[in-house]
Amino acid sequence: MKRKQLSGKRIGIVFGTFAPMHVGHVDLITKAKRANDNVLVIVSGSNTQEDRGTRAGLSLNRRFRYVREVFYDDELVVVDKLDEAGIPAYPEGWVPWVNRVKELIAKNTDDPEKITFYVGEPEYVTELNYYYPQAQVELIERSIINISATEIRDNPMENWRFITKPFRRHFTRKVLVVGSASGGKTTLVKDLARTYNAPCSLEYAREYQEKYNVRDDELDTNDYIHLLTDQYAQTSDIIDKGQHSGLIFADTNSTVTKVYIDYYLKENISQEEFDMLDRLYQVTQAREKWDLIFVILPKSNYVDDGFRDMTMADNQTRDWFTQHLLDLLSPFKDKIVILGENSNSDSFFADNYHHAKKAIKERLHIEI
């Protein structure tokens, strides 16, 4: 990425932890930009557990990238980071801290005539006036948008509208629905998405198989590479767009695909190919972060939709599929809720819907 350089004569400098950045921060930065020629936004903190952002899962490096993304199309704003690791606690740390600030200013500006610091704490006014006397320091008032990063961390769903889009990735609650074929996964995901007014990522394999007119038992190594990577990309894209209220649902993930790989290909491809698919699965699964996982037991009728392999329709194979799925998901057992355990065929689908809503309320504290 091309690095922007601030060339204006009047430079505003805004500091912040930004864990997360919210629209109040953006409002303040915009005001500073309009009062100057350019603005340098400095994301401060560290990647250590002493940093409150890092403790909340937002390391300095991640915050820096997200803040820079907020202003990616603004030529008048440059974002950089100030790593405070190793700097002594205040007041002893003022000298090395100010020296790092000076380095960032020299790095990102072109000999400005006037520098104005915008700070939120009175002690910063005193210290910056002392250590950086050639600059002007202004104590900024809180934005008219009455929200704080602490309030957002404590209750992101209630304050969703204030979170800038890149940071919404971190706070999105992700619900996964998995199980063997013909268990009602897709219908349940669609129903829950409608009920909670949330987007959903449907099973990519269905779209793929319809597009290429290929059945379950005809999928090969190359097909499974697409299924693993494209299902993940599809779900990530929904999360990254941030055009939701903090909740998304997904029908199927890499683990379901891995079960099909083990069933169909383990004995039918070379060990090298199988190991390659396994490594791709491990990488993909490690990137998935689920807040709640519903596993549907195979109690419904197995329906031939034209693409399913009917050799998987018997109860023994469906039970094997479900158990293998649970084995692969065992590292995430604290996130798993089993659906259909105490249901009969008549109430199976209704029970799963009501049980899922109850779990979402109890586990994620989200109500309709």
# chains A, B, ... in the order shown; residues from 1 in each chain; ligands from 1
>>> residues_around(residues="segment 359-364 of chain A", least_positions_apart="4", cutoff="8 Å", atoms="only C-alpha atoms", output="JSON, numbers by chain")
{"A": [173, 291, 292, 337, 355]}
>>> select_by_dssp(residues="segment 180-277 of chain A", states="strand (DSSP E or B)", output="number ranges by chain")
A: 200-201, 247-251
>>> write_last_selection(atoms="all heavy atoms", output="short mmCIF file (atom, residue, chain, number, x, y, z; two decimals), in the first residue's frame")
data_model
loop_
_atom_site.label_atom_id
_atom_site.label_comp_id
_atom_site.auth_asym_id
_atom_site.auth_seq_id
_atom_site.Cartn_x
_atom_site.Cartn_y
_atom_site.Cartn_z
N CYS A 200 -27.42 -13.95 6.64
CA CYS A 200 -26.95 -15.33 6.80
C CYS A 200 -26.07 -15.73 5.62
O CYS A 200 -26.23 -15.23 4.50
CB CYS A 200 -28.12 -16.30 6.95
SG CYS A 200 -29.23 -16.38 5.53
N SER A 201 -25.14 -16.62 5.91
CA SER A 201 -24.28 -17.19 4.89
C SER A 201 -24.74 -18.63 4.66
O SER A 201 -24.59 -19.49 5.53
CB SER A 201 -22.81 -17.17 5.37
OG SER A 201 -21.97 -17.84 4.44
N LEU A 247 -25.04 -9.40 14.51
CA LEU A 247 -25.33 -10.83 14.57
C LEU A 247 -25.43 -11.37 13.16
O LEU A 247 -26.10 -10.78 12.31
CB LEU A 247 -26.65 -11.06 15.32
CG LEU A 247 -27.16 -12.50 15.40
CD1 LEU A 247 -26.24 -13.36 16.27
CD2 LEU A 247 -28.59 -12.51 15.96
N ILE A 248 -24.75 -12.50 12.89
CA ILE A 248 -24.90 -13.18 11.61
C ILE A 248 -25.03 -14.69 11.85
O ILE A 248 -24.57 -15.21 12.87
CB ILE A 248 -23.72 -12.89 10.65
CG1 ILE A 248 -22.41 -13.58 11.12
CG2 ILE A 248 -23.49 -11.41 10.47
CD1 ILE A 248 -22.03 -14.78 10.32
N PHE A 249 -25.67 -15.37 10.90
CA PHE A 249 -25.85 -16.82 10.97
C PHE A 249 -25.15 -17.46 9.77
O PHE A 249 -25.13 -16.88 8.67
CB PHE A 249 -27.34 -17.19 10.95
CG PHE A 249 -28.09 -16.73 12.17
CD1 PHE A 249 -28.70 -15.49 12.21
CD2 PHE A 249 -28.17 -17.55 13.28
CE1 PHE A 249 -29.39 -15.06 13.33
CE2 PHE A 249 -28.86 -17.14 14.42
CZ PHE A 249 -29.48 -15.88 14.44
N ALA A 250 -24.60 -18.65 9.98
CA ALA A 250 -23.92 -19.37 8.90
C ALA A 250 -24.39 -20.81 8.84
O ALA A 250 -24.50 -21.49 9.86
CB ALA A 250 -22.41 -19.32 9.09
N ASP A 251 -24.69 -21.25 7.65
CA ASP A 251 -25.08 -22.64 7.38
C ASP A 251 -23.87 -23.37 6.83
O ASP A 251 -23.49 -23.17 5.68
CB ASP A 251 -26.24 -22.63 6.37
CG ASP A 251 -26.57 -24.01 5.81
OD1 ASP A 251 -26.06 -25.01 6.35
OD2 ASP A 251 -27.33 -24.08 4.84
#
>>> residues_around(residues="Gly184 of chain A", least_positions_apart="5", cutoff="10 Å", atoms="only C-alpha atoms", output="list in words")
Val177, Val178, Gly179, Val189, Ile296, Leu297, Pro298, Lys299, Ser300, Asn301, Phe348, Phe349 and Asn352 of chain A
>>> atom_distance(atom1="atom CA of Pro166 of chain A", atom2="atom CA of Val39 of chain A")
19.9 Å
>>> atom_distance(atom1="atom CA of Thr126 of chain A", atom2="atom CA of Gly16 of chain A")
17.5 Å
>>> select_by_dssp(residues="segment 81-304 of chain A", states="helix (DSSP H, G or I)", output="ChimeraX atom specification")
/A:94-108,122-131,149-154,160-162,165-171,185-195,204-212,216-218,221-241,254-264,271-287
>>> residues_around(residues="Asn146 of chain A", least_positions_apart="6", cutoff="12 Å", atoms="only C-alpha atoms", output="PyMOL selection string")
chain A and resi 22-25+27+152+159+162
>>> atom_distance(atom1="atom CA of Val283 of chain A", atom2="atom CA of Tyr224 of chain A")
14.2 Å
>>> closest_residue(among="A:Thr54, A:Glu267, A:Val95, A:Thr252", to="Leu188 of chain A", atoms="only C-alpha atoms")
A:Thr252
>>> closest_residue(among="A:Ile293, A:Val125, A:Ala198, A:Val77", to="Gln243 of chain A", atoms="only C-alpha atoms")
A:Ala198
>>> residues_around(residues="Phe274 of chain A", least_positions_apart="6", cutoff="12 Å", atoms="only C-alpha atoms", output="list in words")
Asp220, Thr221, Asn222, Tyr224, Ile225, Lys258, Ile261, Asp262, Tyr263, Tyr264, Leu265, Lys266, Glu267, Asn268, Leu280 and Tyr281 of chain A
>>> residues_around(residues="segment 105-109 of chain A", least_positions_apart="6", cutoff="7 Å", atoms="only C-alpha atoms", output="list in words")
Gln5, Leu6 and Ser7 of chain A
>>> residues_around(residues="Gly8 of chain A", least_positions_apart="2", cutoff="6 Å", atoms="only C-alpha atoms", output="PyMOL selection string")
chain A and resi 6+10+37-38
>>> closest_residue(among="A:Ala205, A:Leu339, A:Val295, A:Leu128", to="His354 of chain A", atoms="only C-alpha atoms")
A:Leu339
>>> closest_residue(among="A:Arg153, A:Lys31, A:Lys358, A:Glu113", to="Gly57 of chain A", atoms="only C-alpha atoms")
A:Arg153
>>> closest_residue(among="A:Ile29, A:Ile147, A:Ile42, A:Val175", to="Glu84 of chain A", atoms="only C-alpha atoms")
A:Ile42
>>> closest_atom_pairs(of="segment 124-233 of chain A", to="segment 308-325 of chain A", cutoff="9 Å", atoms="only C-alpha atoms", output="tab-separated table")
residue	atom	partner	partner_atom	distance
A:Val178	CA	A:Leu325	CA	8.5
A:Gly179	CA	A:Thr322	CA	6.2
A:Ser180	CA	A:Thr322	CA	6.2
A:Ala181	CA	A:Arg308	CA	8.0
A:Arg215	CA	A:Arg308	CA	6.2
A:Asp216	CA	A:Arg308	CA	5.5
A:Asp217	CA	A:Asp309	CA	6.0
